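Below is work.tsv, which holds TSV, C-alpha atoms.
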chain	number	residue	atom	x	y	z
S	1	MET	CA	0.00	0.00	0.00
S	2	LYS	CA	2.62	2.53	1.10
S	3	LYS	CA	4.98	1.42	-1.67
S	4	ASN	CA	2.27	1.92	-4.30
S	5	LEU	CA	1.46	5.38	-2.95
S	6	ILE	CA	5.11	6.46	-3.04
S	7	LEU	CA	5.55	5.15	-6.58
S	8	SER	CA	2.36	6.88	-7.71
S	9	LEU	CA	3.70	10.17	-6.34
S	10	ILE	CA	6.96	9.59	-8.21
S	11	ALA	CA	5.05	8.90	-11.45
S	12	ALA	CA	3.04	12.11	-10.98
S	13	LEU	CA	6.17	14.10	-10.16
S	14	ILE	CA	8.02	12.88	-13.27
S	15	PHE	CA	5.09	13.86	-15.48
S	16	LEU	CA	4.84	17.24	-13.72
S	17	ILE	CA	8.55	18.01	-14.21
S	18	ILE	CA	8.44	17.08	-17.89
S	19	GLY	CA	5.26	19.11	-18.30
S	20	VAL	CA	6.78	22.20	-16.69
S	21	LEU	CA	9.92	21.90	-18.82
S	22	THR	CA	7.77	21.83	-21.97
S	23	LEU	CA	5.27	24.53	-20.94
S	24	TYR	CA	6.65	27.09	-23.39
S	25	ASP	CA	6.48	24.63	-26.30
S	26	TYR	CA	2.69	24.95	-26.47
S	27	GLY	CA	0.30	27.81	-27.22
S	28	ILE	CA	-3.39	28.13	-26.39
S	29	SER	CA	-6.33	26.14	-27.71
S	30	TRP	CA	-9.25	27.85	-29.45
S	31	ASP	CA	-11.58	28.03	-26.44
S	32	GLU	CA	-9.11	28.72	-23.65
S	33	PRO	CA	-9.46	32.53	-23.82
S	34	THR	CA	-13.19	32.21	-23.13
S	35	HIS	CA	-12.54	30.09	-20.04
S	36	PHE	CA	-9.65	32.30	-18.87
S	37	LYS	CA	-11.69	35.52	-19.09
S	38	ARG	CA	-14.62	34.00	-17.27
S	39	GLY	CA	-12.36	32.35	-14.71
S	40	GLN	CA	-10.67	35.67	-13.95
S	41	ALA	CA	-14.00	37.45	-13.48
S	42	TYR	CA	-15.29	34.85	-11.04
S	43	PHE	CA	-11.94	34.45	-9.28
S	44	ARG	CA	-11.68	38.19	-8.63
S	45	TYR	CA	-15.21	38.21	-7.29
S	46	PHE	CA	-14.52	35.30	-4.93
S	47	LEU	CA	-11.11	36.65	-3.86
S	48	LYS	CA	-11.93	40.30	-3.28
S	49	GLY	CA	-15.63	40.76	-3.91
S	50	GLU	CA	-14.83	43.06	-6.82
S	51	VAL	CA	-17.06	43.15	-9.89
S	52	ASP	CA	-14.54	44.63	-12.35
S	53	TYR	CA	-10.85	45.52	-12.78
S	54	SER	CA	-11.13	49.27	-12.26
S	55	ASN	CA	-8.62	49.31	-9.39
S	56	ILE	CA	-5.73	47.80	-11.38
S	57	PRO	CA	-3.89	49.34	-14.36
S	58	GLU	CA	-5.10	48.57	-17.87
S	59	TYR	CA	-3.28	45.78	-19.66
S	60	ASP	CA	-0.19	47.21	-21.39
S	61	LEU	CA	0.46	45.17	-24.52
S	62	HIS	CA	3.71	46.98	-25.32
S	63	ALA	CA	5.10	46.45	-21.81
S	64	ALA	CA	4.06	42.80	-21.87
S	65	ARG	CA	5.91	42.27	-25.16
S	66	THR	CA	9.06	44.24	-24.35
S	67	ASN	CA	9.50	43.88	-20.60
S	68	PRO	CA	9.94	40.33	-19.28
S	69	ALA	CA	9.25	41.63	-15.76
S	70	TYR	CA	5.76	42.91	-16.65
S	71	HIS	CA	3.25	41.06	-14.48
S	72	SER	CA	0.74	43.77	-13.60
S	73	ARG	CA	-2.29	42.29	-15.29
S	74	SER	CA	-3.28	39.27	-17.31
S	75	ILE	CA	-4.42	39.89	-20.86
S	76	TYR	CA	-7.54	37.90	-19.92
S	77	GLU	CA	-8.57	40.33	-17.19
S	78	ASN	CA	-10.97	42.14	-19.46
S	79	ASN	CA	-13.29	44.89	-18.23
S	80	THR	CA	-15.95	44.00	-20.78
S	81	PHE	CA	-16.11	40.44	-19.52
S	82	ASN	CA	-16.49	41.07	-15.79
S	83	ILE	CA	-18.66	39.46	-13.14
S	84	GLU	CA	-21.66	41.62	-14.06
S	85	TYR	CA	-21.45	40.38	-17.64
S	86	TYR	CA	-21.23	36.71	-16.65
S	87	SER	CA	-23.98	37.06	-14.04
S	88	ARG	CA	-26.33	37.88	-16.91
S	89	LEU	CA	-24.82	36.12	-19.92
S	90	ASP	CA	-23.18	32.87	-19.00
S	91	GLY	CA	-23.98	29.21	-19.53
S	92	GLY	CA	-22.40	26.31	-21.34
S	93	HIS	CA	-19.72	24.43	-19.42
S	94	PRO	CA	-19.35	25.19	-15.69
S	95	PRO	CA	-16.50	27.56	-14.71
S	96	LEU	CA	-14.57	25.86	-11.89
S	97	ASN	CA	-11.61	24.90	-14.09
S	98	GLY	CA	-11.27	28.48	-15.31
S	99	ILE	CA	-11.45	29.81	-11.76
S	100	LEU	CA	-8.69	27.48	-10.57
S	101	ALA	CA	-6.55	28.34	-13.61
S	102	ALA	CA	-7.04	32.03	-12.81
S	103	ALA	CA	-5.80	31.36	-9.27
S	104	PHE	CA	-2.59	29.90	-10.72
S	105	ASN	CA	-2.22	32.98	-12.93
S	106	HIS	CA	-2.69	35.16	-9.87
S	107	ILE	CA	0.06	33.32	-7.98
S	108	PHE	CA	2.67	32.37	-10.58
S	109	TYR	CA	2.32	35.28	-13.05
S	110	LYS	CA	1.01	38.31	-11.17
S	111	GLY	CA	2.34	37.36	-7.75
S	112	LEU	CA	5.64	35.55	-8.09
S	113	GLY	CA	6.31	36.53	-11.70
S	114	ILE	CA	8.07	33.25	-12.47
S	115	LEU	CA	5.87	32.18	-15.40
S	116	GLY	CA	4.43	33.87	-18.45
S	117	ASP	CA	0.81	34.93	-18.57
S	118	VAL	CA	-0.48	31.97	-20.60
S	119	GLU	CA	1.96	29.49	-19.07
S	120	SER	CA	0.69	30.20	-15.55
S	121	TYR	CA	-2.78	29.04	-16.58
S	122	HIS	CA	-1.26	26.00	-18.22
S	123	LEU	CA	0.62	25.08	-15.04
S	124	PHE	CA	-2.75	24.33	-13.46
S	125	GLU	CA	-3.59	21.97	-16.33
S	126	ILE	CA	-0.22	20.22	-16.09
S	127	LEU	CA	-0.48	19.80	-12.32
S	128	VAL	CA	-3.97	18.28	-12.49
S	129	SER	CA	-2.91	16.00	-15.37
S	130	SER	CA	0.01	14.85	-13.22
S	131	ILE	CA	-2.41	13.93	-10.47
S	132	LEU	CA	-4.30	11.84	-13.03
S	133	VAL	CA	-1.13	9.94	-13.98
S	134	GLY	CA	-0.44	9.20	-10.32
S	135	THR	CA	-4.04	8.15	-9.66
S	136	VAL	CA	-4.11	5.80	-12.66
S	137	PHE	CA	-0.88	4.23	-11.42
S	138	LEU	CA	-2.31	3.77	-7.93
S	139	PHE	CA	-5.68	2.44	-9.11
S	140	ALA	CA	-4.11	-0.13	-11.46
S	141	ALA	CA	-1.40	-1.18	-9.00
S	142	GLU	CA	-3.85	-1.74	-6.15
S	143	THR	CA	-6.18	-3.69	-8.42
S	144	PHE	CA	-3.88	-5.73	-10.69
S	145	GLY	CA	-0.37	-5.33	-9.29
S	146	LEU	CA	2.72	-3.18	-9.64
S	147	LEU	CA	3.45	-4.05	-13.28
S	148	ALA	CA	-0.08	-3.04	-14.25
S	149	GLY	CA	0.37	0.26	-12.42
S	150	VAL	CA	3.60	1.04	-14.22
S	151	ALA	CA	2.13	0.09	-17.61
S	152	ALA	CA	-1.09	2.06	-17.07
S	153	ALA	CA	0.71	5.23	-15.98
S	154	MET	CA	3.27	4.94	-18.79
S	155	PHE	CA	0.66	4.37	-21.50
S	156	LEU	CA	-1.39	7.34	-20.29
S	157	ALA	CA	1.57	9.69	-19.86
S	158	THR	CA	3.07	8.90	-23.28
S	159	TYR	CA	-0.21	8.88	-25.21
S	160	PRO	CA	0.41	11.80	-27.63
S	161	LEU	CA	-3.08	13.34	-27.41
S	162	PHE	CA	-3.09	13.32	-23.61
S	163	PHE	CA	0.49	14.57	-23.30
S	164	ALA	CA	-0.18	17.47	-25.66
S	165	GLU	CA	-3.59	18.42	-24.28
S	166	SER	CA	-2.34	18.33	-20.71
S	167	HIS	CA	-0.58	21.56	-21.71
S	168	PHE	CA	-3.48	23.50	-23.25
S	169	ASN	CA	-6.86	21.82	-22.74
S	170	ILE	CA	-8.67	23.59	-19.92
S	171	LYS	CA	-11.56	21.10	-19.76
S	172	ASP	CA	-10.94	17.45	-20.63
S	173	PRO	CA	-7.79	16.50	-18.66
S	174	ILE	CA	-9.28	18.31	-15.65
S	175	GLU	CA	-12.60	16.51	-15.97
S	176	THR	CA	-10.86	13.17	-16.52
S	177	THR	CA	-8.84	13.64	-13.33
S	178	PHE	CA	-11.86	14.46	-11.15
S	179	PHE	CA	-13.83	11.64	-12.82
S	180	THR	CA	-11.04	9.12	-12.12
S	181	LEU	CA	-10.67	10.29	-8.52
S	182	THR	CA	-14.44	9.89	-8.09
S	183	LEU	CA	-14.28	6.27	-9.25
S	184	TYR	CA	-11.10	5.47	-7.32
S	185	THR	CA	-12.29	6.84	-3.97
S	186	PHE	CA	-15.73	5.23	-4.36
S	187	TRP	CA	-14.09	1.89	-5.16
S	188	LYS	CA	-11.77	2.33	-2.20
S	189	GLY	CA	-14.66	3.12	0.11
S	190	ILE	CA	-16.59	-0.01	-0.85
S	191	ILE	CA	-13.55	-2.30	-0.78
S	192	LEU	CA	-12.37	-1.07	2.62
S	193	LYS	CA	-15.89	-0.40	3.91
S	194	LYS	CA	-14.93	3.14	4.89
S	195	ALA	CA	-17.44	5.96	4.46
S	196	GLU	CA	-14.64	8.55	4.49
S	197	PHE	CA	-13.61	7.53	0.99
S	198	ILE	CA	-17.21	7.82	-0.23
S	199	LEU	CA	-17.23	11.34	1.19
S	200	PHE	CA	-14.11	12.15	-0.83
S	201	SER	CA	-15.83	10.64	-3.86
S	202	SER	CA	-18.71	13.08	-3.43
S	203	ILE	CA	-16.28	16.00	-3.30
S	204	PHE	CA	-14.51	14.88	-6.47
S	205	SER	CA	-17.91	14.34	-8.11
S	206	GLY	CA	-18.81	17.93	-7.26
S	207	LEU	CA	-15.53	19.22	-8.67
S	208	ALA	CA	-16.13	17.17	-11.82
S	209	LEU	CA	-19.69	18.45	-12.27
S	210	ALA	CA	-18.46	22.02	-11.74
S	211	THR	CA	-16.06	21.42	-14.64
S	212	LYS	CA	-18.05	19.45	-17.22
S	213	PHE	CA	-21.14	17.24	-17.22
S	214	ASN	CA	-19.35	14.01	-18.24
S	215	ILE	CA	-19.43	12.97	-14.59
S	216	LEU	CA	-23.16	12.23	-15.01
S	217	PHE	CA	-22.09	8.94	-16.62
S	218	ALA	CA	-20.29	7.86	-13.42
S	219	PRO	CA	-23.39	6.45	-11.66
S	220	ILE	CA	-23.91	4.03	-14.54
S	221	ILE	CA	-20.33	2.77	-14.19
S	222	LEU	CA	-20.55	2.47	-10.40
S	223	LEU	CA	-23.95	0.79	-10.34
S	224	LEU	CA	-22.85	-1.78	-12.92
S	225	TRP	CA	-19.69	-2.48	-10.91
S	226	LEU	CA	-21.67	-2.91	-7.69
S	227	LEU	CA	-24.10	-5.23	-9.45
S	228	ILE	CA	-21.32	-7.39	-10.92
S	229	LYS	CA	-19.46	-7.44	-7.60
S	230	HIS	CA	-22.59	-8.56	-5.79
S	231	LEU	CA	-23.92	-11.11	-8.28
S	232	TYR	CA	-20.80	-12.50	-9.92
S	233	PHE	CA	-18.16	-12.17	-7.22
S	234	LYS	CA	-20.66	-12.89	-4.42
S	235	ALA	CA	-19.47	-9.95	-2.34
S	236	ASP	CA	-21.91	-8.75	0.33
S	237	VAL	CA	-22.33	-5.32	-1.23
S	238	ILE	CA	-25.79	-4.79	0.26
S	239	LYS	CA	-24.48	-5.13	3.81
S	240	THR	CA	-21.68	-2.67	3.09
S	241	LEU	CA	-24.02	-0.11	1.50
S	242	PHE	CA	-26.45	-0.24	4.41
S	243	GLN	CA	-23.94	0.41	7.16
S	244	ARG	CA	-25.01	3.44	9.19
S	245	LYS	CA	-22.06	5.63	8.20
S	246	MET	CA	-22.41	4.60	4.58
S	247	LEU	CA	-26.10	5.46	4.51
S	248	ILE	CA	-25.46	8.91	5.99
S	249	THR	CA	-22.68	9.52	3.48
S	250	PHE	CA	-24.86	8.47	0.55
S	251	LEU	CA	-27.60	10.81	1.75
S	252	ILE	CA	-25.28	13.82	1.81
S	253	PHE	CA	-23.49	12.76	-1.41
S	254	PRO	CA	-25.82	14.71	-3.75
S	255	ILE	CA	-25.94	17.66	-1.35
S	256	ILE	CA	-22.16	18.05	-1.49
S	257	ILE	CA	-22.24	17.82	-5.29
S	258	ALA	CA	-24.97	20.47	-5.51
S	259	LEU	CA	-23.17	22.80	-3.08
S	260	ILE	CA	-19.95	22.67	-5.08
S	261	PHE	CA	-21.72	23.00	-8.43
S	262	VAL	CA	-23.93	25.94	-7.47
S	263	GLY	CA	-21.50	27.51	-5.00
S	264	THR	CA	-18.72	27.92	-7.57
S	265	TRP	CA	-20.97	29.40	-10.28
S	266	PRO	CA	-22.47	32.85	-9.43
S	267	TYR	CA	-24.42	32.81	-12.70
S	268	LEU	CA	-26.68	30.17	-11.18
S	269	TRP	CA	-27.41	32.29	-8.12
S	270	GLN	CA	-29.52	34.77	-10.10
S	271	ASP	CA	-32.12	32.22	-11.18
S	272	PRO	CA	-31.09	28.72	-10.00
S	273	ILE	CA	-33.88	26.72	-11.62
S	274	GLY	CA	-33.99	28.68	-14.89
S	275	ASN	CA	-30.21	28.88	-15.37
S	276	ILE	CA	-29.56	25.26	-14.44
S	277	THR	CA	-32.24	24.31	-16.95
S	278	GLN	CA	-30.39	26.35	-19.58
S	279	VAL	CA	-27.15	24.52	-18.80
S	280	PHE	CA	-28.85	21.15	-19.24
S	281	LYS	CA	-30.34	22.40	-22.50
S	282	TYR	CA	-26.84	23.37	-23.67
S	283	TYR	CA	-25.58	19.84	-23.10
S	284	LYS	CA	-28.66	18.37	-24.76
S	285	ASP	CA	-28.07	20.56	-27.83
S	286	ILE	CA	-24.42	19.55	-28.21

Please lay out the structure from this file as structure tokens.
Amino acid sequence: MKKNLILSLIAALIFLIIGVLTLYDYGISWDEPTHFKRGQAYFRYFLKGEVDYSNIPEYDLHAARTNPAYHSRSIYENNTFNIEYYSRLDGGHPPLNGILAAAFNHIFYKGLGILGDVESYHLFEILVSSILVGTVFLFAAETFGLLAGVAAAMFLATYPLFFAESHFNIKDPIETTFFTLTLYTFWKGIILKKAEFILFSSIFSGLALATKFNILFAPIILLLWLLIKHLYFKADVIKTLFQRKMLITFLIFPIIIALIFVGTWPYLWQDPIGNITQVFKYYKDI
């Protein structure tokens, strides 16, 4: 157990180091600016309660191009696209990933000044993708053995699409990480009969839903697994599920998801039922 955990951390760290060393080899994807602008607006609102950028200098394109030490403002802190704009005209994918990326920009670009504007957002994506590599290693190793863990992590980390998009995809690697952590912690909770892991699963589910709606497929996966485990492998799943702590955790599971989903998206606060309905309609349309 401890050995697998240490090796999973090493796998994640190796991927993180390689990702950081190659940060400047990648530009932005087509939809990242939309997520960055929205993330900045919400992040500033959560951090300081401010609805615009009137108290910081305007973005200076010339200074940003000619002065490597310029870190006064991100190009994606745009006064047109502030919290008032997104409170009225938002929708589509949830914004949590953009908010977290904006936090990294605030720390590593505007605060410490050790990364470029775009690269600071991408550091968030690389870090979360590294967590995915480590989780895949741990999940496979605990299930099928050390060799499986090494192979699974290696195949994921060296898969060209994943390696590239871990540098510039603000949605899918993030969603995949939260999705995988949801499955892993749920599996762990049932196997060890510990409600604490189910609680973590609910948190990761909330983070996943606040990023993209793919997590809505997770119940199908988990229910099928529980059914197979109970019927085919003759495990006493029913007894495990109906333990007192488990029952309480399952009852608060959707509440935690809802709190994270709604709590991280101020757009929903204006008209929760109407705006959530619009988000579901967006996913139905695409």

task = Could you give me, as a count of residues only, the residues within 7 Å of Ile75 of chain S, counting all atoms listed in the file and dropping anything in the same chain fewer than 2 positions from it?
result = 3

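What separates atom CA of Val51 of chain S from atom CA of Trp265 of chain S is a distance of 14.3 Å.
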
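Distance annotation: of S:Thr34, S:Ser201, S:Ser120, S:Ser129, the residue with the minimal separation from Phe81 of chain S is S:Thr34; atom set is all atoms listed in the file.
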
Within 12 Å of (4.6, -1.1, -10.7) in the file's own coordinates, which protein, DNA or RNA residues have an atom, counting all atoms listed in the file? List them as a short mmCIF file (atom, residue, chain, number, x, y, z; two decimals) with C-alpha atoms, in the frame of the given file.
data_model
loop_
_atom_site.label_atom_id
_atom_site.label_comp_id
_atom_site.auth_asym_id
_atom_site.auth_seq_id
_atom_site.Cartn_x
_atom_site.Cartn_y
_atom_site.Cartn_z
CA MET S 1 0.00 0.00 0.00
CA LYS S 3 4.98 1.42 -1.67
CA ASN S 4 2.27 1.92 -4.30
CA LEU S 5 1.46 5.38 -2.95
CA ILE S 6 5.11 6.46 -3.04
CA LEU S 7 5.55 5.15 -6.58
CA SER S 8 2.36 6.88 -7.71
CA ILE S 10 6.96 9.59 -8.21
CA ALA S 11 5.05 8.90 -11.45
CA GLY S 134 -0.44 9.20 -10.32
CA VAL S 136 -4.11 5.80 -12.66
CA PHE S 137 -0.88 4.23 -11.42
CA LEU S 138 -2.31 3.77 -7.93
CA PHE S 139 -5.68 2.44 -9.11
CA ALA S 140 -4.11 -0.13 -11.46
CA ALA S 141 -1.40 -1.18 -9.00
CA GLU S 142 -3.85 -1.74 -6.15
CA THR S 143 -6.18 -3.69 -8.42
CA PHE S 144 -3.88 -5.73 -10.69
CA GLY S 145 -0.37 -5.33 -9.29
CA LEU S 146 2.72 -3.18 -9.64
CA LEU S 147 3.45 -4.05 -13.28
CA ALA S 148 -0.08 -3.04 -14.25
CA GLY S 149 0.37 0.26 -12.42
CA VAL S 150 3.60 1.04 -14.22
CA ALA S 151 2.13 0.09 -17.61
CA ALA S 152 -1.09 2.06 -17.07
CA ALA S 153 0.71 5.23 -15.98
CA MET S 154 3.27 4.94 -18.79
#

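Note that the spacing between atom CA of Phe36 of chain S and atom CA of Ala157 of chain S amounts to 25.3 Å.
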
key: Residue contacts of Leu21 of chain S (12 Å, only C-alpha atoms) excluding same-chain residues fewer than 4 positions away, as a ChimeraX atom specification   = /S:14-17,25-26,115,119,122-123,126,167

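Relative to atom CA of Leu268 of chain S, atom CA of Lys37 of chain S is found at 17.8 Å.
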
Please write out, as lines of an AutoDock Vina configuration file, where the centre of an axis-aligned box around all listed atoms of segment 242-250 of chain S lies and how long its edges are, in Å to one decimal, after adding 8 Å on each side.
center_x = -24.3
center_y = 4.6
center_z = 4.9
size_x = 20.4
size_y = 25.8
size_z = 24.6

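The smallest atom-to-atom distance between Pro94 of chain S and any of S:Phe200, S:Tyr24, S:Trp187, S:Tyr42, using all atoms listed in the file, is found for S:Tyr42.
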
task = Give the answer as one residue: which of S:Leu224, S:Ala210, S:Ile248, S:Ala235 has the shortest atom-to-atom distance to Ile198 of chain S, using all atoms listed in the file?
result = S:Ile248

request  = Mind checking which residues fall within 12 Å of segment 226-232 of chain S, counting all atoms listed in the file, ignoring those fewer than 5 positions away in the same chain, and posting them as number ranges by chain?
outcome  = S: 183, 186-187, 190-191, 219-221, 237-241

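With distances restricted to only C-alpha atoms, S:Ile170 is the closest residue to Val128 of chain S from S:Ile99, S:Leu216, S:Ile170, S:Leu112.
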
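Between Thr264 of chain S and the candidates S:Leu132, S:Ile18, S:Leu100, S:Leu192, the tightest atom-to-atom separation, counting all atoms listed in the file, involves S:Leu100.
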
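For the set S:Leu127, S:Ile107, S:Leu96, S:Ala63, the residue with the smallest atom-to-atom gap to Ala12 of chain S is S:Leu127, counting all atoms listed in the file.
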
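Every protein, DNA or RNA residue with an atom at most 9 Å from Thr176 of chain S, where all atoms listed in the file count and chain neighbours fewer than 5 positions away do not, is listed here: Ser129, Leu132, Lys171, Leu181, Ala208, Asn214 and Ile215 of chain S.
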
Proximity of segment 66-118 of chain S to segment 271-279 of chain S: per-residue shortest pair, 8 Å limit, only C-alpha atoms, as CSV:
residue,atom,partner,partner_atom,distance
S:Gly91,CA,S:Val279,CA,5.7
S:Gly92,CA,S:Val279,CA,5.7
S:His93,CA,S:Val279,CA,7.5

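Those residues positioned at most 12 Å from (-22.6, 22.5, -4.0) are Leu96, Ser202, Ile203, Phe204, Ser205, Gly206, Leu207, Ala208, Leu209, Ala210, Ile252, Phe253, Pro254, Ile255, Ile256, Ile257, Ala258, Leu259, Ile260, Phe261, Val262, Gly263, Thr264, Trp265, Pro266, Leu268 and Trp269 of chain S, judged using all atoms listed in the file.
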
What would segment 53-66 of chain S look like if you wrote it out as a PDB file, in the first residue's frame, with N, CA and C atoms included, from the block I just posted?
ATOM      1  N   TYR S  53     -12.304  45.368 -12.968  1.00  0.00           N
ATOM      2  CA  TYR S  53     -10.848  45.520 -12.785  1.00  0.00           C
ATOM      3  C   TYR S  53     -10.444  46.994 -12.704  1.00  0.00           C
ATOM      4  N   SER S  54     -11.363  47.815 -12.240  1.00  0.00           N
ATOM      5  CA  SER S  54     -11.131  49.267 -12.258  1.00  0.00           C
ATOM      6  C   SER S  54     -10.006  49.705 -11.330  1.00  0.00           C
ATOM      7  N   ASN S  55      -9.655  48.896 -10.350  1.00  0.00           N
ATOM      8  CA  ASN S  55      -8.625  49.306  -9.385  1.00  0.00           C
ATOM      9  C   ASN S  55      -7.231  48.795  -9.738  1.00  0.00           C
ATOM     10  N   ILE S  56      -7.064  48.188 -10.927  1.00  0.00           N
ATOM     11  CA  ILE S  56      -5.734  47.796 -11.378  1.00  0.00           C
ATOM     12  C   ILE S  56      -5.480  48.419 -12.748  1.00  0.00           C
ATOM     13  N   PRO S  57      -4.196  48.677 -13.085  1.00  0.00           N
ATOM     14  CA  PRO S  57      -3.886  49.339 -14.362  1.00  0.00           C
ATOM     15  C   PRO S  57      -4.385  48.536 -15.558  1.00  0.00           C
ATOM     16  N   GLU S  58      -4.709  49.244 -16.633  1.00  0.00           N
ATOM     17  CA  GLU S  58      -5.101  48.574 -17.870  1.00  0.00           C
ATOM     18  C   GLU S  58      -3.946  47.708 -18.380  1.00  0.00           C
ATOM     19  N   TYR S  59      -4.306  46.667 -19.088  1.00  0.00           N
ATOM     20  CA  TYR S  59      -3.280  45.782 -19.658  1.00  0.00           C
ATOM     21  C   TYR S  59      -2.443  46.552 -20.664  1.00  0.00           C
ATOM     22  N   ASP S  60      -1.138  46.489 -20.515  1.00  0.00           N
ATOM     23  CA  ASP S  60      -0.194  47.207 -21.386  1.00  0.00           C
ATOM     24  C   ASP S  60       0.455  46.205 -22.333  1.00  0.00           C
ATOM     25  N   LEU S  61      -0.038  46.145 -23.551  1.00  0.00           N
ATOM     26  CA  LEU S  61       0.463  45.170 -24.516  1.00  0.00           C
ATOM     27  C   LEU S  61       1.925  45.403 -24.846  1.00  0.00           C
ATOM     28  N   HIS S  62       2.317  46.677 -24.986  1.00  0.00           N
ATOM     29  CA  HIS S  62       3.713  46.981 -25.323  1.00  0.00           C
ATOM     30  C   HIS S  62       4.649  46.541 -24.192  1.00  0.00           C
ATOM     31  N   ALA S  63       4.273  46.849 -22.962  1.00  0.00           N
ATOM     32  CA  ALA S  63       5.103  46.454 -21.810  1.00  0.00           C
ATOM     33  C   ALA S  63       5.183  44.934 -21.701  1.00  0.00           C
ATOM     34  N   ALA S  64       4.069  44.259 -21.959  1.00  0.00           N
ATOM     35  CA  ALA S  64       4.057  42.802 -21.869  1.00  0.00           C
ATOM     36  C   ALA S  64       4.976  42.174 -22.911  1.00  0.00           C
ATOM     37  N   ARG S  65       5.078  42.821 -24.085  1.00  0.00           N
ATOM     38  CA  ARG S  65       5.912  42.273 -25.161  1.00  0.00           C
ATOM     39  C   ARG S  65       7.390  42.603 -24.978  1.00  0.00           C
ATOM     40  N   THR S  66       7.674  43.775 -24.402  1.00  0.00           N
ATOM     41  CA  THR S  66       9.060  44.242 -24.354  1.00  0.00           C
ATOM     42  C   THR S  66       9.729  44.092 -22.996  1.00  0.00           C
TER      43      THR S  66
END
